[in-house]
>>> print(open('my_file_35.txt').read())   # compact mmCIF, C-alpha atoms and all ligand atoms
# COMPACT_ATOMS: atom_id res chain seq x y z
CA MET A 13 19.94 -15.04 3.87
CA THR A 14 18.67 -11.51 3.20
CA ALA A 15 15.90 -10.89 0.67
CA SER A 16 18.45 -9.13 -1.54
CA GLU A 17 20.67 -12.23 -1.55
CA ALA A 18 17.62 -14.42 -2.17
CA ALA A 19 16.76 -12.35 -5.25
CA ARG A 20 20.32 -12.66 -6.55
CA ASP A 21 20.41 -16.43 -5.97
CA LEU A 22 17.05 -16.94 -7.59
CA PHE A 23 18.21 -14.93 -10.59
CA THR A 24 21.29 -17.08 -10.98
CA VAL A 25 19.26 -20.28 -10.74
CA LEU A 26 16.90 -18.91 -13.41
CA THR A 27 19.49 -17.68 -15.87
CA GLY A 28 22.87 -19.21 -15.00
CA ARG A 29 24.44 -15.72 -14.83
CA SER A 30 24.66 -12.70 -12.52
CA PRO A 31 22.06 -9.92 -12.65
CA ASP A 32 22.96 -6.53 -14.15
CA GLY A 33 21.69 -5.01 -10.89
CA ILE A 34 19.42 -5.37 -7.89
CA TRP A 35 16.79 -2.71 -7.27
CA SER A 36 14.47 -2.45 -4.29
CA ALA A 37 11.41 -0.58 -3.03
CA PRO A 38 9.77 -0.50 0.41
CA GLY A 39 6.37 -1.46 1.78
CA ARG A 40 4.46 1.14 3.77
CA VAL A 41 2.28 1.74 6.77
CA ASN A 42 -0.43 4.31 6.62
CA LEU A 43 -0.38 6.58 9.64
CA ILE A 44 -3.85 7.87 8.84
CA GLY A 45 -6.23 8.42 5.88
CA GLU A 46 -7.87 5.12 4.96
CA HIS A 47 -10.09 4.60 1.90
CA THR A 48 -9.67 8.28 1.13
CA ASP A 49 -7.23 7.89 -1.79
CA TYR A 50 -9.74 6.72 -4.42
CA ASN A 51 -12.08 9.48 -3.18
CA GLU A 52 -9.46 12.07 -4.19
CA GLY A 53 -8.80 12.83 -0.53
CA PHE A 54 -5.79 12.96 1.80
CA VAL A 55 -3.45 10.29 3.17
CA LEU A 56 -0.38 10.27 5.42
CA PRO A 57 1.62 7.04 4.89
CA PHE A 58 5.30 6.31 5.26
CA ALA A 59 7.68 3.78 3.72
CA ILE A 60 8.91 1.08 6.11
CA PRO A 61 12.30 -0.70 6.31
CA HIS A 62 10.86 -3.91 4.80
CA ARG A 63 11.63 -4.07 1.11
CA THR A 64 11.13 -6.06 -2.08
CA TYR A 65 14.17 -6.74 -4.29
CA ALA A 66 14.24 -7.23 -8.04
CA ALA A 67 17.43 -8.78 -9.45
CA ALA A 68 17.28 -8.17 -13.19
CA ALA A 69 19.16 -8.11 -16.48
CA TRP A 70 18.57 -7.46 -20.15
CA ARG A 71 17.96 -10.17 -22.68
CA ASP A 72 18.74 -9.86 -26.35
CA ASP A 73 15.24 -10.88 -27.42
CA ARG A 74 11.77 -9.54 -26.54
CA ARG A 75 10.81 -12.04 -23.87
CA ILE A 76 10.17 -11.33 -20.20
CA ARG A 77 10.93 -14.09 -17.75
CA VAL A 78 9.91 -13.63 -14.12
CA THR A 79 10.48 -15.71 -11.06
CA SER A 80 9.89 -15.11 -7.39
CA THR A 81 10.24 -16.77 -4.02
CA PHE A 82 6.39 -16.94 -4.05
CA ALA A 83 6.36 -18.86 -7.32
CA ASP A 84 6.25 -22.56 -8.05
CA GLU A 85 7.83 -21.95 -11.42
CA PRO A 86 8.94 -19.02 -13.59
CA VAL A 87 6.57 -17.30 -16.00
CA GLU A 88 7.76 -16.39 -19.49
CA VAL A 89 5.91 -14.24 -22.03
CA SER A 90 6.71 -12.05 -24.99
CA LEU A 91 6.57 -8.28 -24.54
CA ASP A 92 4.26 -8.31 -27.54
CA ASP A 93 1.69 -10.50 -25.78
CA LEU A 94 1.36 -8.60 -22.53
CA THR A 95 -1.84 -6.75 -23.41
CA GLN A 96 -3.81 -9.94 -23.95
CA LEU A 97 -2.99 -11.32 -20.52
CA PHE A 98 -4.77 -8.82 -18.30
CA PRO A 99 -6.65 -8.57 -16.05
CA THR A 100 -5.62 -11.84 -14.46
CA GLY A 101 -8.39 -14.12 -13.36
CA PRO A 102 -9.39 -17.77 -13.29
CA ASP A 103 -9.28 -18.01 -17.09
CA THR A 104 -5.99 -16.27 -17.77
CA SER A 105 -2.70 -17.92 -18.31
CA VAL A 106 -0.43 -16.10 -15.84
CA PRO A 107 -0.59 -16.49 -12.06
CA GLU A 108 -1.57 -13.42 -10.04
CA TRP A 109 1.85 -12.92 -8.39
CA SER A 110 3.45 -12.47 -11.82
CA ALA A 111 0.87 -9.90 -12.93
CA TYR A 112 2.37 -7.32 -10.53
CA VAL A 113 5.69 -7.58 -12.38
CA LEU A 114 4.41 -8.12 -15.91
CA GLY A 115 1.74 -5.47 -15.36
CA VAL A 116 4.39 -2.87 -14.54
CA ALA A 117 6.38 -3.84 -17.66
CA TRP A 118 3.20 -3.46 -19.71
CA ALA A 119 2.18 -0.15 -18.06
CA LEU A 120 5.66 1.33 -18.59
CA SER A 121 5.79 0.27 -22.21
CA GLU A 122 2.35 1.83 -22.78
CA THR A 123 3.20 5.01 -20.85
CA THR A 124 6.39 5.69 -22.71
CA GLY A 125 5.08 4.63 -26.09
CA ALA A 126 8.45 2.92 -26.51
CA ARG A 127 6.95 -0.54 -26.73
CA ASP A 128 8.58 -1.63 -29.99
CA GLY A 129 12.07 -0.50 -29.01
CA LEU A 130 12.27 -2.34 -25.68
CA CYS A 131 14.42 -5.37 -25.03
CA GLY A 132 13.40 -8.41 -23.01
CA VAL A 133 14.40 -8.85 -19.37
CA ASP A 134 14.87 -11.57 -16.76
CA ILE A 135 13.66 -10.63 -13.27
CA ALA A 136 13.83 -12.46 -9.94
CA ILE A 137 11.81 -11.14 -7.01
CA ALA A 138 12.31 -11.70 -3.29
CA SER A 139 10.86 -9.71 -0.41
CA ASP A 140 10.84 -9.26 3.33
CA VAL A 141 7.57 -7.28 3.29
CA PRO A 142 4.96 -9.47 5.01
CA VAL A 143 2.35 -10.50 2.42
CA GLY A 144 -1.36 -9.92 3.14
CA ALA A 145 -0.54 -7.80 6.18
CA GLY A 146 -1.81 -4.50 4.79
CA LEU A 147 1.78 -3.29 4.41
CA SER A 148 1.68 -2.98 0.61
CA SER A 149 3.80 -5.90 -0.42
CA SER A 150 2.25 -5.41 -3.85
CA ALA A 151 3.33 -1.76 -4.13
CA ALA A 152 6.82 -2.85 -3.11
CA ILE A 153 6.96 -5.40 -5.96
CA GLU A 154 5.64 -2.81 -8.37
CA GLY A 155 8.12 -0.19 -7.14
CA ALA A 156 11.12 -2.51 -7.33
CA THR A 157 10.12 -3.66 -10.80
CA ALA A 158 9.42 -0.15 -12.06
CA THR A 159 12.75 1.13 -10.73
CA ALA A 160 14.65 -1.77 -12.32
CA LEU A 161 12.93 -1.39 -15.69
CA ASP A 162 13.30 2.40 -15.64
CA GLU A 163 17.06 1.92 -15.55
CA LEU A 164 17.36 -1.17 -17.76
CA TRP A 165 15.19 0.43 -20.42
CA SER A 166 16.83 3.90 -19.94
CA LEU A 167 13.43 5.53 -19.48
CA GLY A 168 14.48 8.26 -17.02
CA LEU A 169 10.97 8.54 -15.53
CA ASP A 170 10.18 10.48 -12.35
CA PRO A 171 8.90 8.74 -9.19
CA VAL A 172 5.30 9.87 -9.65
CA THR A 173 5.16 8.42 -13.18
CA LEU A 174 6.61 5.16 -11.86
CA ALA A 175 4.02 5.15 -9.06
CA LYS A 176 1.25 5.63 -11.63
CA ALA A 177 2.58 2.68 -13.65
CA GLY A 178 2.45 0.56 -10.48
CA ARG A 179 -1.12 1.58 -9.80
CA ARG A 180 -2.10 0.83 -13.37
CA ALA A 181 -0.58 -2.64 -13.06
CA GLU A 182 -2.56 -3.24 -9.90
CA ASN A 183 -5.85 -1.92 -11.34
CA GLU A 184 -5.68 -3.29 -14.87
CA ALA A 185 -3.31 -6.27 -14.74
CA VAL A 186 -4.13 -7.69 -11.31
CA GLY A 187 -7.69 -6.33 -11.32
CA ALA A 188 -7.66 -4.79 -7.82
CA PRO A 189 -9.55 -1.45 -7.84
CA THR A 190 -7.14 0.29 -5.46
CA GLY A 191 -6.08 3.94 -5.22
CA ILE A 192 -2.62 5.52 -5.63
CA MET A 193 -1.57 5.77 -1.97
CA ASP A 194 0.59 2.66 -1.68
CA GLN A 195 2.66 3.24 -4.80
CA MET A 196 3.23 6.92 -3.92
CA ALA A 197 4.18 6.02 -0.34
CA SER A 198 6.70 3.48 -1.58
CA MET A 199 8.17 5.62 -4.36
CA LEU A 200 8.46 8.81 -2.27
CA GLY A 201 9.61 7.28 1.03
CA ARG A 202 12.17 9.27 3.08
CA PRO A 203 13.83 8.48 6.39
CA ASP A 204 12.13 10.19 9.32
CA ALA A 205 9.19 11.73 7.47
CA ALA A 206 5.73 10.67 6.44
CA THR A 207 4.34 11.65 3.04
CA PHE A 208 1.27 13.86 3.10
CA LEU A 209 -0.41 13.27 -0.24
CA ASP A 210 -3.31 15.05 -1.85
CA CYS A 211 -4.72 12.27 -4.00
CA ARG A 212 -6.53 14.72 -6.28
CA THR A 213 -3.51 16.74 -7.36
CA LEU A 214 -0.80 14.21 -6.37
CA GLU A 215 0.98 17.03 -4.58
CA THR A 216 3.06 15.80 -1.67
CA ARG A 217 4.66 17.29 1.42
CA SER A 218 7.11 15.57 3.76
CA ILE A 219 5.90 15.72 7.34
CA PRO A 220 8.54 14.80 9.96
CA THR A 221 6.96 12.38 12.41
CA GLY A 222 9.15 13.42 15.33
CA PHE A 223 8.78 9.90 16.79
CA THR A 224 12.47 9.43 17.57
CA ALA A 225 12.92 12.80 19.25
CA GLU A 226 9.91 12.04 21.48
CA GLY A 227 11.09 8.52 22.32
CA LEU A 228 8.11 6.98 20.53
CA GLU A 229 7.87 3.81 18.49
CA LEU A 230 5.28 2.79 15.94
CA LEU A 231 4.35 -0.79 16.65
CA VAL A 232 2.90 -2.91 13.84
CA ILE A 233 0.68 -5.77 14.97
CA ASP A 234 0.19 -8.14 12.06
CA THR A 235 -2.88 -10.19 12.92
CA GLY A 236 -2.09 -12.82 10.29
CA VAL A 237 -5.66 -12.53 8.98
CA LYS A 238 -5.13 -12.47 5.20
CA HIS A 239 -7.11 -10.25 2.88
CA SER A 240 -7.24 -9.54 -0.84
CA HIS A 241 -8.39 -6.36 -2.52
CA SER A 242 -9.11 -7.91 -5.89
CA THR A 243 -12.33 -9.38 -4.56
CA GLY A 244 -15.24 -8.50 -2.33
CA GLY A 245 -15.38 -5.89 0.36
CA TYR A 246 -12.88 -3.36 -0.99
CA ARG A 247 -14.79 -2.98 -4.26
CA GLU A 248 -18.12 -2.77 -2.43
CA ARG A 249 -16.83 0.07 -0.26
CA ARG A 250 -15.57 1.86 -3.31
CA ASP A 251 -18.96 1.49 -5.02
CA ALA A 252 -20.72 2.87 -1.93
CA CYS A 253 -18.46 5.93 -1.99
CA GLU A 254 -19.22 6.54 -5.66
CA ARG A 255 -22.94 6.20 -4.96
CA GLY A 256 -22.64 8.67 -2.08
CA ALA A 257 -20.80 11.20 -4.24
CA GLU A 258 -23.41 10.90 -6.97
CA ILE A 259 -26.25 11.50 -4.50
CA MET A 260 -24.42 14.59 -3.20
CA GLY A 261 -23.97 15.82 -6.77
CA VAL A 262 -20.15 15.89 -6.67
CA SER A 263 -17.52 14.05 -8.69
CA SER A 264 -15.85 12.60 -5.59
CA LEU A 265 -16.28 12.61 -1.81
CA ARG A 266 -13.33 14.98 -1.58
CA ASP A 267 -15.87 17.70 -2.24
CA VAL A 268 -18.13 16.79 0.70
CA THR A 269 -17.26 18.45 4.03
CA VAL A 270 -18.15 17.64 7.61
CA GLY A 271 -20.70 20.50 7.44
CA ASP A 272 -22.50 18.70 4.57
CA LEU A 273 -23.10 15.54 6.62
CA PRO A 274 -26.56 16.46 8.00
CA ARG A 275 -27.80 16.92 4.42
CA ALA A 276 -26.12 13.65 3.36
CA ALA A 277 -27.94 11.85 6.20
CA GLU A 278 -31.28 13.03 4.80
CA LEU A 279 -30.51 12.08 1.21
CA MET A 280 -29.14 8.53 1.49
CA ASP A 281 -29.75 5.18 3.14
CA ASP A 282 -28.03 4.51 6.44
CA VAL A 283 -25.26 2.24 5.11
CA THR A 284 -24.26 4.61 2.30
CA PHE A 285 -24.35 7.52 4.74
CA ARG A 286 -22.01 5.80 7.16
CA ARG A 287 -19.55 4.98 4.35
CA VAL A 288 -19.62 8.63 3.33
CA ARG A 289 -19.25 9.83 6.91
CA HIS A 290 -16.12 7.74 7.33
CA VAL A 291 -14.44 9.20 4.26
CA VAL A 292 -15.43 12.79 5.03
CA THR A 293 -14.36 12.67 8.68
CA GLU A 294 -11.20 10.72 7.82
CA ASN A 295 -10.10 13.41 5.38
CA GLN A 296 -10.50 15.95 8.17
CA ARG A 297 -8.56 13.72 10.58
CA VAL A 298 -5.64 13.57 8.12
CA LEU A 299 -5.52 17.36 7.91
CA ASP A 300 -5.78 17.59 11.70
CA THR A 301 -2.97 15.03 12.10
CA VAL A 302 -0.68 17.02 9.82
CA ASP A 303 -1.42 20.17 11.83
CA ALA A 304 -0.91 18.39 15.14
CA LEU A 305 2.43 16.88 14.04
CA THR A 306 3.61 20.23 12.76
CA ASP A 307 2.40 22.38 15.67
CA SER A 308 2.53 20.12 18.72
CA GLY A 309 4.43 16.91 17.89
CA PRO A 310 3.49 13.24 17.72
CA ARG A 311 2.01 12.93 21.21
CA ALA A 312 -0.86 15.08 19.99
CA ILE A 313 -2.04 12.66 17.31
CA GLY A 314 -3.10 9.71 19.47
CA GLY A 315 -6.78 10.65 19.68
CA LEU A 316 -6.98 11.10 15.91
CA LEU A 317 -5.51 7.65 15.24
CA THR A 318 -7.94 6.03 17.64
CA ALA A 319 -10.93 7.96 16.24
CA SER A 320 -9.91 6.76 12.77
CA HIS A 321 -10.11 3.16 13.97
CA ALA A 322 -13.57 3.67 15.49
CA SER A 323 -14.76 5.16 12.19
CA MET A 324 -13.44 2.19 10.21
CA ARG A 325 -14.91 -0.27 12.67
CA ASP A 326 -18.36 1.31 13.02
CA ASP A 327 -19.01 3.37 9.87
CA PHE A 328 -16.90 1.77 7.14
CA GLU A 329 -17.13 -1.70 8.69
CA ILE A 330 -13.77 -3.00 7.48
CA SER A 331 -12.25 -4.10 10.77
CA VAL A 332 -12.19 -7.69 12.07
CA PRO A 333 -12.21 -8.95 15.69
CA GLU A 334 -8.44 -9.52 15.65
CA LEU A 335 -7.77 -5.90 14.64
CA ASP A 336 -10.19 -4.57 17.28
CA THR A 337 -8.52 -6.72 19.93
CA ALA A 338 -5.07 -5.46 18.89
CA VAL A 339 -6.21 -1.82 19.04
CA ASP A 340 -8.18 -2.10 22.30
CA THR A 341 -5.41 -4.01 24.06
CA ALA A 342 -2.68 -1.63 22.92
CA LEU A 343 -4.72 1.34 24.16
CA ALA A 344 -5.47 -0.34 27.47
CA HIS A 345 -1.73 -0.88 28.02
CA GLY A 346 -0.55 2.65 27.41
CA ALA A 347 -0.51 3.20 23.63
CA ILE A 348 -1.00 6.88 22.78
CA GLY A 349 -3.20 5.95 19.82
CA ALA A 350 -3.93 2.89 17.69
CA ARG A 351 -5.77 1.91 14.53
CA MET A 352 -5.91 -0.69 11.81
CA THR A 353 -3.79 0.29 8.79
CA GLY A 354 -4.37 -0.41 5.11
CA GLY A 355 -7.43 -1.63 3.30
CA GLY A 356 -8.91 -3.70 6.14
CA PHE A 357 -10.68 -7.07 6.35
CA GLY A 358 -7.50 -8.39 7.99
CA GLY A 359 -3.87 -7.31 7.93
CA ALA A 360 -2.20 -5.17 10.56
CA ALA A 361 -2.90 -2.59 13.24
CA ILE A 362 -0.49 0.15 14.31
CA ALA A 363 -0.01 1.54 17.80
CA LEU A 364 1.99 4.62 18.79
CA VAL A 365 3.81 3.64 21.95
CA ASP A 366 6.46 5.06 24.29
CA GLY A 367 9.73 3.22 23.64
CA ASP A 368 9.90 1.75 27.13
CA GLU A 369 6.36 0.36 26.87
CA VAL A 370 6.82 -1.55 23.61
CA GLU A 371 7.49 -4.81 25.38
CA ALA A 372 4.52 -4.49 27.75
CA VAL A 373 2.14 -3.69 24.88
CA THR A 374 3.55 -6.52 22.74
CA ASP A 375 3.10 -9.02 25.59
CA ALA A 376 -0.39 -7.79 26.41
CA VAL A 377 -1.52 -8.12 22.79
CA ALA A 378 -0.04 -11.62 22.52
CA GLN A 379 -1.86 -12.57 25.73
CA ALA A 380 -5.17 -11.09 24.54
CA PHE A 381 -4.91 -13.00 21.25
CA ALA A 382 -4.23 -16.25 23.08
CA THR A 383 -7.18 -15.67 25.42
CA ALA A 384 -9.49 -14.95 22.46
CA GLY A 385 -8.30 -18.10 20.67
CA PHE A 386 -6.69 -16.13 17.79
CA ALA A 387 -3.43 -17.22 16.15
CA ALA A 388 -0.39 -15.47 17.65
CA PRO A 389 0.21 -12.02 16.08
CA HIS A 390 3.52 -10.94 14.60
CA THR A 391 4.62 -7.67 16.22
CA PHE A 392 7.49 -5.36 15.26
CA THR A 393 8.35 -1.66 15.17
CA VAL A 394 8.88 0.46 12.05
CA MET A 395 10.35 3.86 11.32
CA PRO A 396 10.03 5.96 8.14
CA SER A 397 12.47 4.69 5.53
CA GLN A 398 13.96 5.40 2.16
CA GLY A 399 12.07 4.92 -1.12
CA PRO A 400 13.40 2.90 -4.09
CA ARG A 401 17.09 2.47 -4.67
CA ARG A 402 19.63 0.46 -6.56
CA ASP A 403 21.23 -2.01 -4.12
CA ALA A 404 23.87 -3.65 -6.31
C1 LIG A 501 -5.27 -0.50 0.02
C2 LIG A 501 -5.21 0.17 -1.34
C3 LIG A 501 -4.98 1.67 -1.19
C4 LIG A 501 -5.96 2.30 -0.21
C5 LIG A 501 -6.01 1.48 1.08
C6 LIG A 501 -7.07 1.97 2.02
O1 LIG A 501 -4.02 -0.44 0.63
O2 LIG A 501 -4.20 -0.37 -2.12
O3 LIG A 501 -5.07 2.29 -2.45
O4 LIG A 501 -7.23 2.43 -0.78
O5 LIG A 501 -6.24 0.10 0.84
O6 LIG A 501 -6.77 3.23 2.49
>>> encode(input="my_file_35.txt", output="structure tokens")
Amino acid sequence: MTASEAARDLFTVLTGRSPDGIWSAPGRVNLIGEHTDYNEGFVLPFAIPHRTYAAAAWRDDRRIRVTSTFADEPVEVSLDDLTQLFPTGPDTSVPEWSAYVLGVAWALSETTGARDGLCGVDIAIASDVPVGAGLSSSAAIEGATATALDELWSLGLDPVTLAKAGRRAENEAVGAPTGIMDQMASMLGRPDAATFLDCRTLETRSIPTGFTAEGLELLVIDTGVKHSHSTGGYRERRDACERGAEIMGVSSLRDVTVGDLPRAAELMDDVTFRRVRHVVTENQRVLDTVDALTDSGPRAIGGLLTASHASMRDDFEISVPELDTAVDTALAHGAIGARMTGGGFGGAAIALVDGDEVEAVTDAVAQAFATAGFAAPHTFTVMPSQGPRRDA
């Protein structure tokens, strides 16, 4: 059964009727530009073929009922009570999975100021985006929900406004202090192009990857090591970046350049300096990757991808042994470049590989994981894909 059919079935079990429609939004990989988004820097993600589906319909009252294939049981609340529920946490009454959906409903009703005029909805969620793999399953839920509600509530909002609502849900309803990259990547996805995003201005430019023309594949190696950004390391890294910016006397690390790094090294402790150095050099690598793709094609970006991984491993310290093994093994077996993708502390690595070497790299990584005593990785290829759409 496809995820779209699963959403439809779940909806029918929940309500005893058919949905008014099924809307979907994709997950993403990030080609390069990690932990730069909340520093007002640059990122270059693209939407992947894996999608989350929201089967939904109006109700004639003001209640929202949500169910999902992740859920033990549906969650039902009144639109009027949403504000009191967030952020989710051990003491709140709704489970975290539902906060992605309810949070978007809340953020959209706040954004549009139309709160009192909105009708209730039933929503059933199903997804084929791997969860906890660093492929933005959460942005895909937010995007599918936002796209469904935009139509059901006749809001007529643009993709950037919907992306912002998704981010607000994640920050304020779920309580994960993430940036805007994932939601923008999902909402603005296009086949065959990555999205270059300036996270300060939210200006975007489509950058064709040229992978297909060059016979290249982007391999995703999901290590199966789960992570969460609502707790721990992600927030700590964010705090370190803010501390670094303050010491440098700027509002965000976007305003620190590679040429400023010697001064930064004198002003701050070693750990803060290395966090700053990652962000500053990563911003430059994103710009260099865009130039390389535009001027020379995808074979020219391998070194930048691999340098990005080294910076995350050594300076930002967000890699894990499974990710390093995936990257090192892919490179040793012919990958043009490789790096972890997403927020880190687990999740997936990506490797840019010649089409006829995909199998060899996949086998080598599986072998290396087995030798190291790691659980078998899940490996598949992705290509840039379409953003949100109505499926039925
Ligand atoms: C997660 C967050 C993003 C971004 C990345 C790291 O995916 O949701 O906002 O910060 O980590 O680049």
>>> residues_near_point(input="my_file_35.txt", point="(3.1, -1.8, 5.8)", cutoff="12 Å", atoms="only C-alpha atoms", output="ChimeraX atom specification")
/A:38-43,57-63,140-152,193-195,197-198,230-234,352-355,359-362,392-397
>>> write_last_selection(input="my_file_35.txt", atoms="C-alpha atoms", output="mmCIF file, in the frame of the given file")
data_model
loop_
_atom_site.group_PDB
_atom_site.id
_atom_site.type_symbol
_atom_site.label_atom_id
_atom_site.label_comp_id
_atom_site.auth_asym_id
_atom_site.auth_seq_id
_atom_site.Cartn_x
_atom_site.Cartn_y
_atom_site.Cartn_z
ATOM 1 C CA PRO A 38 9.770 -0.500 0.410
ATOM 2 C CA GLY A 39 6.370 -1.460 1.780
ATOM 3 C CA ARG A 40 4.460 1.140 3.770
ATOM 4 C CA VAL A 41 2.280 1.740 6.770
ATOM 5 C CA ASN A 42 -0.430 4.310 6.620
ATOM 6 C CA LEU A 43 -0.380 6.580 9.640
ATOM 7 C CA PRO A 57 1.620 7.040 4.890
ATOM 8 C CA PHE A 58 5.300 6.310 5.260
ATOM 9 C CA ALA A 59 7.680 3.780 3.720
ATOM 10 C CA ILE A 60 8.910 1.080 6.110
ATOM 11 C CA PRO A 61 12.300 -0.700 6.310
ATOM 12 C CA HIS A 62 10.860 -3.910 4.800
ATOM 13 C CA ARG A 63 11.630 -4.070 1.110
ATOM 14 C CA ASP A 140 10.840 -9.260 3.330
ATOM 15 C CA VAL A 141 7.570 -7.280 3.290
ATOM 16 C CA PRO A 142 4.960 -9.470 5.010
ATOM 17 C CA VAL A 143 2.350 -10.500 2.420
ATOM 18 C CA GLY A 144 -1.360 -9.920 3.140
ATOM 19 C CA ALA A 145 -0.540 -7.800 6.180
ATOM 20 C CA GLY A 146 -1.810 -4.500 4.790
ATOM 21 C CA LEU A 147 1.780 -3.290 4.410
ATOM 22 C CA SER A 148 1.680 -2.980 0.610
ATOM 23 C CA SER A 149 3.800 -5.900 -0.420
ATOM 24 C CA SER A 150 2.250 -5.410 -3.850
ATOM 25 C CA ALA A 151 3.330 -1.760 -4.130
ATOM 26 C CA ALA A 152 6.820 -2.850 -3.110
ATOM 27 C CA MET A 193 -1.570 5.770 -1.970
ATOM 28 C CA ASP A 194 0.590 2.660 -1.680
ATOM 29 C CA GLN A 195 2.660 3.240 -4.800
ATOM 30 C CA ALA A 197 4.180 6.020 -0.340
ATOM 31 C CA SER A 198 6.700 3.480 -1.580
ATOM 32 C CA LEU A 230 5.280 2.790 15.940
ATOM 33 C CA LEU A 231 4.350 -0.790 16.650
ATOM 34 C CA VAL A 232 2.900 -2.910 13.840
ATOM 35 C CA ILE A 233 0.680 -5.770 14.970
ATOM 36 C CA ASP A 234 0.190 -8.140 12.060
ATOM 37 C CA MET A 352 -5.910 -0.690 11.810
ATOM 38 C CA THR A 353 -3.790 0.290 8.790
ATOM 39 C CA GLY A 354 -4.370 -0.410 5.110
ATOM 40 C CA GLY A 355 -7.430 -1.630 3.300
ATOM 41 C CA GLY A 359 -3.870 -7.310 7.930
ATOM 42 C CA ALA A 360 -2.200 -5.170 10.560
ATOM 43 C CA ALA A 361 -2.900 -2.590 13.240
ATOM 44 C CA ILE A 362 -0.490 0.150 14.310
ATOM 45 C CA PHE A 392 7.490 -5.360 15.260
ATOM 46 C CA THR A 393 8.350 -1.660 15.170
ATOM 47 C CA VAL A 394 8.880 0.460 12.050
ATOM 48 C CA MET A 395 10.350 3.860 11.320
ATOM 49 C CA PRO A 396 10.030 5.960 8.140
ATOM 50 C CA SER A 397 12.470 4.690 5.530
#
>>> residues_around(input="my_file_35.txt", residues="Thr173 (chain A)", least_positions_apart="6", cutoff="12 Å", atoms="only C-alpha atoms", output="list in words")
Val116, Ala119, Leu120, Glu122, Thr123, Thr124, Gly155, Ala158, Thr159, Asp162, Leu167, Arg179, Arg180, Ile192, Gln195, Met196, Met199, Leu200 and Leu214 of chain A
>>> residues_around(input="my_file_35.txt", residues="region 274-285 of chain A", least_positions_apart="3", cutoff="7 Å", atoms="all atoms listed in the file", output="short mmCIF file (atom, residue, chain, number, x, y, z; two decimals) with C-alpha atoms, in the coordinates of the input")
data_model
loop_
_atom_site.label_atom_id
_atom_site.label_comp_id
_atom_site.auth_asym_id
_atom_site.auth_seq_id
_atom_site.Cartn_x
_atom_site.Cartn_y
_atom_site.Cartn_z
CA ALA A 252 -20.72 2.87 -1.93
CA GLY A 256 -22.64 8.67 -2.08
CA MET A 260 -24.42 14.59 -3.20
CA VAL A 288 -19.62 8.63 3.33
CA ARG A 289 -19.25 9.83 6.91
#
>>> closest_residue(input="my_file_35.txt", among="A:Ser331, A:Ser105, A:Ser308, A:Ser263", to="ligand LIG 501 (chain A)", atoms="only C-alpha atoms and all ligand atoms")
A:Ser331
>>> atom_distance(input="my_file_35.txt", atom1="CA of Cys211 (chain A)", atom2="CA of Val55 (chain A)")
7.5 Å
>>> closest_residue(input="my_file_35.txt", among="A:Ala177, A:Ser121, A:Pro400, A:Val172", to="Thr216 (chain A)", atoms="all atoms listed in the file")
A:Val172
>>> axis_aligned_box(input="my_file_35.txt", around="ligand LIG 501 (chain A)", padding_each_side="4 Å", output="lines of an AutoDock Vina configuration file")
center_x = -5.6
center_y = 1.4
center_z = 0.0
size_x = 11.2
size_y = 11.7
size_z = 12.9
>>> residues_around(input="my_file_35.txt", residues="Val377 (chain A)", least_positions_apart="4", cutoff="8 Å", atoms="only C-alpha atoms", output="ChimeraX atom specification")
/A:337-338,341-342,373,381,389
>>> residues_around(input="my_file_35.txt", residues="region 317-319 of chain A", least_positions_apart="2", cutoff="12 Å", atoms="all atoms listed in the file", output="NGL selection string")
:A and (42-46 or 56 or 230 or 290 or 293-294 or 296-298 or 300-302 or 304 or 310-315 or 321-327 or 336 or 338-340 or 342-344 or 347-353 or 361-364)
>>> decode(input="my_file_35.txt", residues="region 215-220 of chain A", atoms="N, CA, C and O atoms", output="compact mmCIF listing (two decimals), in the first residue's frame")
# COMPACT_ATOMS: atom_id res chain seq x y z
N GLU A 215 15.47 34.93 0.14
CA GLU A 215 15.52 34.87 -1.33
C GLU A 215 16.03 33.51 -1.77
O GLU A 215 16.92 32.96 -1.12
N THR A 216 15.45 33.00 -2.86
CA THR A 216 15.86 31.68 -3.33
C THR A 216 16.23 31.73 -4.81
O THR A 216 15.78 32.62 -5.54
N ARG A 217 17.05 30.77 -5.20
CA ARG A 217 17.42 30.62 -6.61
C ARG A 217 17.50 29.13 -6.88
O ARG A 217 18.06 28.38 -6.09
N SER A 218 16.89 28.68 -7.97
CA SER A 218 16.98 27.26 -8.34
C SER A 218 18.31 27.00 -9.01
O SER A 218 18.67 27.71 -9.95
N ILE A 219 19.03 26.01 -8.52
CA ILE A 219 20.34 25.67 -9.09
C ILE A 219 20.26 24.25 -9.64
O ILE A 219 20.21 23.29 -8.86
N PRO A 220 20.22 24.09 -10.97
CA PRO A 220 20.20 22.73 -11.53
C PRO A 220 21.41 21.94 -11.03
O PRO A 220 22.52 22.45 -11.01
